[in-house]
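Engineer: One structure is given below, represented as structure tokens, and several questions about it will come after.
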Amino acid sequence: MSRILNLINVQLRRESSACRTIARLPLRTICCTSRRRAEQSDGATVLGKRWKDTADTVIIGGGCVGVSVAYHLAKAGMKDVVLLEKTELTAGSTWHAAGLTTYYHPGINLKKVHYDSIKLYESLEAETGQAVGFHTPGSVRIAATSARVDEMKYQMTRTHWHVTEQYLIGPEKVLELFPLLDINKVLAGLYTPGDGHIDPYSLTMALAAGARMYGAQIYNPAPVTSLDPTADGKWDVQTPHGTIRANRIVNATGFWAREVGKMVGFDHPTIPVHHQYVVTATVPEVKALKKELAVIRDLEASYYLRQERDGLLFGPYEKMEKMKLQDSWVREGVPPGFGKELFESDLDRIMEHVEMAMEMVPVLKKADIINVVSGPITYTPDLLPMVGPHQGVRNYWAAIGFGYGVIHAGGIGKFLSDWIRNGEPPYDLIECDANRYGRWADVPFMCAKARESYGFNNVVGYPKEERFAGRPTYRLSGVYELLKDKASMGFHAGWEQPHWFYKPGDDIGYKPSFHRTNWFGPVGRECKLVMERVGVIDLTPFAKFIVKGKDSQKLLDRLFANNMPKVGLTNISHMLTPAGRVFAEVTITQLTPGEFLLITGSGSEGHDLRWIEAEAADGGYDVDISNITEDVGVLGIAGPNSRNVLQKLTDEDLSDAGFKFLHCKSIKLAGIPVRAIRISYTGELGWELYIDQKNMAAVYQAIMEAGQDQGIDNFGTYAMNSLRLEKGFRGWGAEMNCDTNPLEAGLDYFIKLNKPADFIGKAALQEIKAKGLRRKLSYITLDTDDIDPEGNETVWYNGKVVGNTTSGAYSYSSQQSLAFAYLPLDLCSVGQKVEVELLGRKYPAMVIQEPLVLTEPTRTRLQKKAKSKASTVEPFLQKKAERKESM
């Protein structure tokens with residue numbers, strides 16, 4: 001250890017400038033530099049090519065992500081693909097990256113991105129003739145605590161239904177894969193064969209060679225100086241060498257993303273973060289190995305470690321209070337000419353991790369450090385990239401915010417290429433949607449969240465995870481101040497929303513677990529409240545749009561598969577993709593002739609608005625579309641006593657006859673104007689109340705006061721989720737998304753294939769129906785103990801993987817776990833038994849008839865039907881008895 005500290009001190013004395021040069025990099029990158037200099041020498045030849053005045057797609061940025069997009073578009077046959085790089089390919093974050101590759105990702109959808117990347121990298125050298133330096137020794141995530149072992153079991157059940165191999169292994173197998181570990185500190189490992197690392201420079205050059213081979217043009221140096229939209233949705237891309245008229249542009253500029261975004265009016269929430277890694281000289285114990293070490297990730301100590309030639313490469317993620325943001329670039333811009341430079345290293349920041357690494361891998365104690373690389377990588381607030389077309393302008397696409405650009409590059413290039421060519425995403429990737437942030441993601445929020453995301457990089461990932469940095473934003477509902485100290489709050493698209501409410505004696509606060517935790521009892525109390533009395537919930541985070549104008553109904557008939565509701569009525573409608581998959585679920589109300597209120601989920605705000613605006617613009621519809629999400633608050637009131645409470649506050653007739661289910665009226669509550677829709681996502685008698693934000697607190701307080709004698713209280717989103725599952729209500733993003741079609745999701749009732757309008761996806765859906773389904777959404781109960789399904793767990797039958805859950809919860813009405821799951825048709829029958837894997841154990845499950853609990857409108861209708869039948873049968877029986885007596 002003293003040897004390392006002496007070397008560090010020597011190195012710190014040598015570093016006197018703010019940036020370090022390439023001469024201090026590992027040998028592999030130095031070798032790459034000589035090849036790059038050779039390429040630069042014929043730069044004039046590249047710019048001497050015929051300058052293209054027009055292009056189908058212009059990609060801005062020549063890092064591995066941008067070049068991958070160009071490669072995939074060109075390979076797929078798109079003509080006129082142009083990539084513009086301001087200096088050299090790989091400048092920015094690519095050239096100094098550690099190059100790690102892994103199939104693993106804790107999220108469901110990004111596993112597909114990682115898979116596509118690795119499969120491409122495996123074959124790229126043979127395809128292009130360019131070496132890529134791809135090593136695949138596998139990787140092991142180390143578990144040193146029981147909570148970490150549970151996390152690995154949790155991730156195993158989320159992987160079994162994917163194509164990627166992944167294994168939970170014991171210490172002996174871990175030691176076999178990385179024999180230099182102190183195995184006494186290891187409880188288990190998550191092993192992923194095929195993981196490894198790749199040379200980022202060589203990868204980018206191979207992708208560039210492939211892009212050129214398939215017809216793409218790459219110009220560098222060719223900085224973009226201006227982006228000017230045209231009236232027909234195209235772009236004039238200005239460079240010092242001339243202008244290119246492009247059908248679309250893709251911003252893939254790494255830590256320059258904010259500067260390019262500002263050219264079109266966007267403040268993209270991306271920020272450079274200092275990331276350091278250390279490279280050692282030859283380690284005799286490493287040199288003596290007969291096969292390459294697996295990459296390890298010591299999660300408790302928060303670092304990765306891999307073999308680099310005969311030495312080791314070690315990269316830590318400091319805690320949030322120690323890590324460093326390059327926030328000056330956010331305020332002042334990236335310094336001119338910065339591209340192949342590095343930051344001054346600061347080894348004091350990572351010494352805690354160095355010491356823990358030396359304990360886990362003792363050979364590090366006597367290893368010599370030959371290089372410390374400290375360079376900028378780009379973070380978004382949630383660490384995930386921003387990918388896809390951007391709302392607010394036409395044909396502007398983002399591929400930015402990649403904290404892990406090397407492993408994402410191949411898969412994202414394919415994802416964007418497929419989307420651009422086919423007009424829809426190839427699979428659901430909404431967590432990376434380019435439109436998930438709004439004005440609320442300002443610079444202070446972005447900095448706080450980036451710091452948190454970096455520092456929490458390797459913390460245990462629990463279900464229902466919440467992170468609290470940067471909160472709250474300015475997006476506060478009119479009742480937030482009244483509720484904030486009474487509830488455990490969740491974060492939804494910038495909003496604070498109660499998940500569950502506290503009572504005296506409750507174990508309060510955020511206490512995550514893989515098992516039932518402190519919210520379990522209180523949520524049951526809230527479900528009972530709604531089922532038996534009356535509850536109030538803050539639903540303000542719902543996204544809300546107004547669509548009106550001469551062509552409003554025509555546009556919505558094109559966008560949605562359901563018929564449009566008449567004035568004063570509401571329905572549930574779905575936007576489909578051209579391939580017939582579910583892009584969005586929206587509640588639609590026609591307020592006045594030609595004026596429609598559209599309500600969608602909080603996380604879908606920009607996602608859905610962009611799709612609507614794009615169709616309106618491309619189709620030339622005469623409509624006005626406005627986003628009123630922040631102006632209007634929403635309260636939900638539900639339960640058998642809800643009518644009694646509201647009736648005290650209004651002269652409007654709220655009876656079944658006076659205010660029918662799925663009807664909308666403008667009323668006054670306590671003298672305050674409110675738009676009321678008779679609907680409730682709990683499935684109980686209820687209303688949604690749309691109120692000006694400034695009046696929301698007054699309406700809430702009036703309702704709570706009026707409901708005192710009715711047993712009124714608050715409830716949160718956890719209870720709403722349990723209640724909606726009991727009623728068999730599907731949720732977008734779970735039971736339906738861009739990976740599913742509405743027929744297999746059981747949405748037939750909402751899909752009007754016989755409606756005259758040629759809605760998007762209609763032809764594809766007719767074809768799907770004609771061919772028949774291969775799987776179906778099923779409703780299952782589980783026999784569990786202290787754990788409940790969340791969604792995305794593996795379903796087993798006879799020892800084989802047959803499907804996956806989509807969402808789940810505990811049913812407090814029936815006292816059992818409940819879930820939706822996609823199963824093959826031959827396993828969908830009521831009574832069919834399967835198994836659901838939870839934390840490494842397979843629990844018995846059974847397909848049941850849905851719903852478990854009838855909705856209030858259905859119960860009311862059946863009761864009326866029974867009464868009507870009784871009123872008909874009773875006189876008949878009485879007359880029959882009278883005739884019998886007369887005989």
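We label chains A, B, ... in the order they appear in the structure tokens, count residues from 1 in each chain, and number ligands from 1 in the order shown.
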Using only C-alpha atoms, determine which residues lie at most 10 Å from A:Glu595, disregarding the query and same-chain residues fewer than 2 positions distant; provide the list as a list in words.

Structural biologist: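 Here the qualifying residues turn out to be Ile546, Val547, Lys548, Gly549, Lys550, Ser552, Gln553, Val567, Thr589, Gln590, Leu591, Thr592, Pro593, Leu597, Leu598, Val623 and Asp624 of chain A.
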
Engineer: Could you take the residues named above and write them with C-alpha atoms, as a short mmCIF file (atom, residue, chain, number, x, y, z; two decimals), in the first residue's frame?

Structural biologist:
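Result file is result-v3.cif:
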data_model
loop_
_atom_site.label_atom_id
_atom_site.label_comp_id
_atom_site.auth_asym_id
_atom_site.auth_seq_id
_atom_site.Cartn_x
_atom_site.Cartn_y
_atom_site.Cartn_z
CA ILE A 546 -56.58 20.01 -25.07
CA VAL A 547 -57.08 19.25 -28.76
CA LYS A 548 -59.50 21.47 -30.62
CA GLY A 549 -60.12 22.97 -34.03
CA LYS A 550 -61.76 22.20 -37.36
CA SER A 552 -59.79 17.77 -34.18
CA GLN A 553 -62.15 14.81 -34.48
CA VAL A 567 -70.01 15.80 -26.18
CA THR A 589 -63.58 13.51 -23.11
CA GLN A 590 -65.34 15.73 -25.65
CA LEU A 591 -65.97 18.91 -23.67
CA THR A 592 -67.69 20.97 -26.36
CA PRO A 593 -68.15 20.25 -30.06
CA LEU A 597 -59.60 16.75 -23.16
CA LEU A 598 -56.95 14.02 -23.28
CA VAL A 623 -55.97 21.79 -34.97
CA ASP A 624 -54.72 23.54 -31.87
#

Engineer: Can you list, as number ranges by chain, every protein, DNA or RNA residue that comes within 12 Å of A:Ile377 when you count only C-alpha atoms, leaving out same-chain residues fewer than 4 positions away?

Structural biologist: A: 63, 91-98, 253-257, 270-276, 324-326, 339, 342-343, 373, 383, 385, 400-406, 450, 454

Engineer: Please provide the set of residues having any atom within 9 Å of A:Tyr121, restricted to only C-alpha atoms, with same-chain residues fewer than 3 positions apart removed, written as a PyMOL selection string.

Structural biologist: chain A and resi 116-118+124-125+132+134+198+203+410

Engineer: Write the residues of the selection above to a file with all heavy atoms, as a short mmCIF file (atom, residue, chain, number, x, y, z; two decimals), in the first residue's frame.

Structural biologist:
data_model
loop_
_atom_site.label_atom_id
_atom_site.label_comp_id
_atom_site.auth_asym_id
_atom_site.auth_seq_id
_atom_site.Cartn_x
_atom_site.Cartn_y
_atom_site.Cartn_z
N ASP A 116 -28.02 -6.47 -28.20
CA ASP A 116 -27.76 -6.12 -29.60
C ASP A 116 -26.35 -5.57 -29.78
O ASP A 116 -25.69 -5.82 -30.80
CB ASP A 116 -28.79 -5.09 -30.08
CG ASP A 116 -30.16 -5.72 -30.33
OD1 ASP A 116 -30.24 -6.96 -30.43
OD2 ASP A 116 -31.14 -4.96 -30.42
N SER A 117 -25.88 -4.80 -28.79
CA SER A 117 -24.52 -4.27 -28.88
C SER A 117 -23.49 -5.39 -28.93
O SER A 117 -22.63 -5.44 -29.81
CB SER A 117 -24.23 -3.35 -27.69
OG SER A 117 -24.94 -2.14 -27.78
N ILE A 118 -23.57 -6.30 -27.99
CA ILE A 118 -22.55 -7.36 -27.90
C ILE A 118 -22.60 -8.27 -29.13
O ILE A 118 -21.55 -8.66 -29.66
CB ILE A 118 -22.73 -8.15 -26.59
CG1 ILE A 118 -22.33 -7.26 -25.41
CG2 ILE A 118 -21.89 -9.43 -26.61
CD1 ILE A 118 -22.51 -7.89 -24.05
N LEU A 124 -18.36 -7.70 -35.84
CA LEU A 124 -18.00 -6.48 -36.56
C LEU A 124 -16.64 -6.58 -37.24
O LEU A 124 -16.45 -6.08 -38.36
CB LEU A 124 -18.03 -5.29 -35.58
CG LEU A 124 -17.97 -3.90 -36.20
CD1 LEU A 124 -19.12 -3.66 -37.17
CD2 LEU A 124 -17.97 -2.84 -35.10
N GLU A 125 -15.69 -7.21 -36.60
CA GLU A 125 -14.36 -7.32 -37.19
C GLU A 125 -14.40 -8.12 -38.49
O GLU A 125 -13.79 -7.73 -39.50
CB GLU A 125 -13.39 -7.96 -36.19
CG GLU A 125 -11.96 -8.05 -36.70
CD GLU A 125 -10.98 -8.50 -35.64
OE1 GLU A 125 -11.25 -8.28 -34.43
OE2 GLU A 125 -9.94 -9.08 -36.00
N VAL A 132 -11.28 -4.85 -33.52
CA VAL A 132 -12.00 -4.08 -32.51
C VAL A 132 -11.50 -4.33 -31.09
O VAL A 132 -11.95 -3.68 -30.15
CB VAL A 132 -13.53 -4.35 -32.58
CG1 VAL A 132 -14.10 -3.89 -33.91
CG2 VAL A 132 -13.83 -5.82 -32.33
N PHE A 134 -11.96 -6.93 -29.01
CA PHE A 134 -13.09 -7.35 -28.17
C PHE A 134 -12.68 -8.57 -27.35
O PHE A 134 -12.28 -9.60 -27.88
CB PHE A 134 -14.29 -7.67 -29.06
CG PHE A 134 -15.58 -7.85 -28.30
CD1 PHE A 134 -15.82 -7.21 -27.10
CD2 PHE A 134 -16.59 -8.67 -28.81
CE1 PHE A 134 -17.01 -7.36 -26.42
CE2 PHE A 134 -17.79 -8.83 -28.15
CZ PHE A 134 -18.00 -8.19 -26.94
N ILE A 198 -13.99 -3.84 -24.74
CA ILE A 198 -13.64 -3.61 -26.13
C ILE A 198 -12.85 -2.31 -26.22
O ILE A 198 -13.01 -1.41 -25.37
CB ILE A 198 -14.92 -3.56 -27.01
CG1 ILE A 198 -14.58 -3.69 -28.50
CG2 ILE A 198 -15.72 -2.29 -26.74
CD1 ILE A 198 -15.82 -3.95 -29.37
N LEU A 203 -13.41 0.16 -31.95
CA LEU A 203 -14.83 -0.06 -32.21
C LEU A 203 -15.40 1.03 -33.09
O LEU A 203 -16.09 0.76 -34.09
CB LEU A 203 -15.58 -0.12 -30.88
CG LEU A 203 -17.12 -0.04 -30.97
CD1 LEU A 203 -17.68 -1.25 -31.68
CD2 LEU A 203 -17.73 0.13 -29.58
N GLY A 410 -23.94 0.09 -29.93
CA GLY A 410 -24.43 -0.82 -30.96
C GLY A 410 -25.93 -0.99 -30.93
O GLY A 410 -26.62 -0.90 -31.95
#

Engineer: Among stretch 705-762 of chain A, which residues does DSSP mark as strand (DSSP E or B) when it is run on the backbone? Keep the chain and numbering as in the structure and answer as a PyMOL selection string.

Structural biologist: chain A and resi 712-714+732+736

Engineer: Stretch 608-807 of chain A: which residues are helix (DSSP H, G or I) by DSSP, as a ChimeraX atom specification?

Structural biologist: /A:608-618,642-647,693-706,708-710,717-726,748-750,762-771

Engineer: Between atom CA of A:Ile712 and atom CA of A:Asp507, what is the distance, to one decimal in Å?

Structural biologist: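 These atoms are spaced 22.1 Å apart.
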
Engineer: Do you have, as CSV, the list of residues of stretch 821-858 of chain A lying at most 10 Å from stretch 759-778 of chain A, each with its nearest atom pair and that distance in Å to one decimal, counting only C-alpha atoms and ordered by chain then number?

Structural biologist:
residue,atom,partner,partner_atom,distance
A:Ala821,CA,A:Ser778,CA,5.2
A:Tyr822,CA,A:Leu777,CA,4.5
A:Leu823,CA,A:Arg775,CA,5.4
A:Pro824,CA,A:Arg775,CA,4.1
A:Leu825,CA,A:Arg775,CA,5.0
A:Asp826,CA,A:Arg775,CA,8.4
A:Leu827,CA,A:Arg775,CA,8.8
A:Cys828,CA,A:Ser778,CA,6.1
A:Ser829,CA,A:Ser778,CA,8.5
A:Val830,CA,A:Ser778,CA,8.9
A:Met846,CA,A:Ser778,CA,9.6
A:Val847,CA,A:Ser778,CA,6.5
A:Ile848,CA,A:Ser778,CA,7.9
A:Gln849,CA,A:Ser778,CA,8.8
A:Glu850,CA,A:Ser778,CA,8.5

Engineer: For the residues in that selection, give me N, CA, C and O atoms as a JSON list (two decimals), in the first residue's frame.

Structural biologist:
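Written file, part-v8.json:
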[["chain", "number", "residue", "atom", "x", "y", "z"],
["A", 821, "ALA", "N", -50.03, -11.79, -16.24],
["A", 821, "ALA", "CA", -48.87, -12.43, -16.86],
["A", 821, "ALA", "C", -49.20, -12.81, -18.29],
["A", 821, "ALA", "O", -50.33, -13.20, -18.60],
["A", 822, "TYR", "N", -48.22, -12.69, -19.17],
["A", 822, "TYR", "CA", -48.37, -13.17, -20.54],
["A", 822, "TYR", "C", -47.97, -14.65, -20.58],
["A", 822, "TYR", "O", -46.88, -15.02, -20.17],
["A", 823, "LEU", "N", -48.91, -15.46, -21.09],
["A", 823, "LEU", "CA", -48.71, -16.90, -21.18],
["A", 823, "LEU", "C", -49.08, -17.39, -22.57],
["A", 823, "LEU", "O", -49.93, -16.79, -23.24],
["A", 824, "PRO", "N", -48.48, -18.50, -23.02],
["A", 824, "PRO", "CA", -48.89, -19.08, -24.30],
["A", 824, "PRO", "C", -50.35, -19.53, -24.23],
["A", 824, "PRO", "O", -50.87, -19.84, -23.15],
["A", 825, "LEU", "N", -51.00, -19.57, -25.39],
["A", 825, "LEU", "CA", -52.44, -19.84, -25.43],
["A", 825, "LEU", "C", -52.83, -21.13, -24.74],
["A", 825, "LEU", "O", -53.90, -21.22, -24.12],
["A", 826, "ASP", "N", -51.97, -22.14, -24.82],
["A", 826, "ASP", "CA", -52.34, -23.43, -24.23],
["A", 826, "ASP", "C", -52.22, -23.45, -22.71],
["A", 826, "ASP", "O", -52.56, -24.44, -22.07],
["A", 827, "LEU", "N", -51.77, -22.33, -22.12],
["A", 827, "LEU", "CA", -51.67, -22.25, -20.67],
["A", 827, "LEU", "C", -52.54, -21.13, -20.09],
["A", 827, "LEU", "O", -52.35, -20.72, -18.95],
["A", 828, "CYS", "N", -53.50, -20.65, -20.87],
["A", 828, "CYS", "CA", -54.31, -19.50, -20.46],
["A", 828, "CYS", "C", -55.66, -19.87, -19.86],
["A", 828, "CYS", "O", -56.39, -18.99, -19.41],
["A", 829, "SER", "N", -56.00, -21.14, -19.85],
["A", 829, "SER", "CA", -57.33, -21.54, -19.39],
["A", 829, "SER", "C", -57.46, -21.35, -17.88],
["A", 829, "SER", "O", -56.49, -21.55, -17.13],
["A", 830, "VAL", "N", -58.66, -20.97, -17.46],
["A", 830, "VAL", "CA", -58.94, -20.82, -16.03],
["A", 830, "VAL", "C", -58.68, -22.15, -15.32],
["A", 830, "VAL", "O", -59.09, -23.20, -15.79],
["A", 846, "MET", "N", -52.04, -19.76, -10.19],
["A", 846, "MET", "CA", -53.13, -20.35, -10.96],
["A", 846, "MET", "C", -53.86, -19.27, -11.75],
["A", 846, "MET", "O", -54.09, -18.17, -11.24],
["A", 847, "VAL", "N", -54.19, -19.59, -12.98],
["A", 847, "VAL", "CA", -54.98, -18.68, -13.81],
["A", 847, "VAL", "C", -56.42, -18.68, -13.29],
["A", 847, "VAL", "O", -57.01, -19.73, -13.08],
["A", 848, "ILE", "N", -56.97, -17.48, -13.09],
["A", 848, "ILE", "CA", -58.35, -17.37, -12.61],
["A", 848, "ILE", "C", -59.16, -16.50, -13.56],
["A", 848, "ILE", "O", -58.61, -15.81, -14.42],
["A", 849, "GLN", "N", -60.47, -16.53, -13.37],
["A", 849, "GLN", "CA", -61.36, -15.68, -14.15],
["A", 849, "GLN", "C", -61.23, -14.25, -13.65],
["A", 849, "GLN", "O", -61.23, -13.99, -12.45],
["A", 850, "GLU", "N", -61.08, -13.31, -14.57],
["A", 850, "GLU", "CA", -61.01, -11.92, -14.14],
["A", 850, "GLU", "C", -62.38, -11.24, -14.31],
["A", 850, "GLU", "O", -63.17, -11.66, -15.14]]

Engineer: In Å, how far is it from atom CA of A:Ile108 to atom CA of A:Gln155?

Structural biologist: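 Distance reported for this atom pair: 9.6 Å.
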
Engineer: Quick check, in Å to one decimal: how far apart do atom CA of A:Ser417 and atom CA of A:Asp195 lie?

Structural biologist: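 Answer for the atom CA of A:Ser417 to atom CA of A:Asp195 separation: 24.5 Å.
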
Engineer: I'd like to know which of A:Arg141, A:His241, A:Arg212, A:Lys414 is closest to A:Val224, using only C-alpha atoms.

Structural biologist: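 Distance minimum relative to A:Val224 lands on A:His241.
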
Engineer: List as a list in words the protein and nucleic acid residues near A:Tyr510, meaning an atom at most 10 Å away when only C-alpha atoms are counted, but skip any in the same chain fewer than 2 places from it.

Structural biologist: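 Selected residues are Lys464, Glu465, Glu466, Arg467, Ser488, Met489, Gly490, Asp507, Ile508, Pro512, Ser513, Thr517, Asn518 and Trp519 of chain A.
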
Engineer: Extract, using only C-alpha atoms, all DNA, RNA and protein residues at most 9 Å from A:Leu852, discarding same-chain residues fewer than 2 positions from it, and format them as a list in words.

Structural biologist: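 Near A:Leu852, the qualifying residues are Leu725, Glu726, Lys727, Gly728, Tyr779, Ser811, Ser813, Ser814, Ile848, Gln849, Glu850 and Leu854 of chain A.
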
Engineer: Would you save the residues of that selection, restricted to N, CA and C atoms, as an mmCIF file, in the first residue's frame?

Structural biologist:
data_model
loop_
_atom_site.group_PDB
_atom_site.id
_atom_site.type_symbol
_atom_site.label_atom_id
_atom_site.label_comp_id
_atom_site.auth_asym_id
_atom_site.auth_seq_id
_atom_site.Cartn_x
_atom_site.Cartn_y
_atom_site.Cartn_z
ATOM 1 N N LEU A 725 -55.802 -3.652 -9.860
ATOM 2 C CA LEU A 725 -55.500 -5.039 -10.209
ATOM 3 C C LEU A 725 -56.637 -5.971 -9.824
ATOM 4 N N GLU A 726 -57.253 -5.737 -8.672
ATOM 5 C CA GLU A 726 -58.398 -6.560 -8.267
ATOM 6 C C GLU A 726 -59.540 -6.451 -9.267
ATOM 7 N N LYS A 727 -59.659 -5.282 -9.914
ATOM 8 C CA LYS A 727 -60.732 -5.073 -10.891
ATOM 9 C C LYS A 727 -60.336 -5.509 -12.297
ATOM 10 N N GLY A 728 -59.098 -5.956 -12.458
ATOM 11 C CA GLY A 728 -58.658 -6.401 -13.773
ATOM 12 C C GLY A 728 -58.324 -5.271 -14.726
ATOM 13 N N TYR A 779 -54.708 -13.681 -15.926
ATOM 14 C CA TYR A 779 -54.931 -13.133 -14.591
ATOM 15 C C TYR A 779 -54.652 -14.257 -13.605
ATOM 16 N N SER A 811 -53.677 -8.529 -3.004
ATOM 17 C CA SER A 811 -55.104 -8.230 -2.989
ATOM 18 C C SER A 811 -55.585 -8.294 -1.543
ATOM 19 N N SER A 813 -58.541 -7.584 -0.554
ATOM 20 C CA SER A 813 -59.910 -8.100 -0.523
ATOM 21 C C SER A 813 -59.934 -9.615 -0.425
ATOM 22 N N SER A 814 -59.025 -10.284 -1.148
ATOM 23 C CA SER A 814 -59.027 -11.746 -1.165
ATOM 24 C C SER A 814 -57.874 -12.354 -0.366
ATOM 25 N N ILE A 848 -56.971 -17.477 -13.090
ATOM 26 C CA ILE A 848 -58.352 -17.366 -12.613
ATOM 27 C C ILE A 848 -59.160 -16.497 -13.555
ATOM 28 N N GLN A 849 -60.468 -16.534 -13.368
ATOM 29 C CA GLN A 849 -61.363 -15.682 -14.149
ATOM 30 C C GLN A 849 -61.234 -14.247 -13.654
ATOM 31 N N GLU A 850 -61.080 -13.309 -14.572
ATOM 32 C CA GLU A 850 -61.010 -11.916 -14.140
ATOM 33 C C GLU A 850 -62.379 -11.242 -14.306
ATOM 34 N N LEU A 854 -65.620 -7.336 -8.806
ATOM 35 C CA LEU A 854 -66.379 -6.613 -9.827
ATOM 36 C C LEU A 854 -66.295 -5.108 -9.587
#

Engineer: Can you pull out every residue within 12 Å of A:Arg516, counting only C-alpha atoms, but drop anything in the same chain fewer than 2 positions away, and send it as an MDAnalysis selection string?

Structural biologist: chainID A and resid 462:464 511:514 518:524 784:790 809:810 817

Engineer: Given the choices A:Val264, A:Ala448, A:Val334, A:Val278, which gets closest to A:His390 if the distance is worked out from only C-alpha atoms?

Structural biologist: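 Comparing A:Val264, A:Ala448, A:Val334, A:Val278 against A:His390, the winner is A:Val264.
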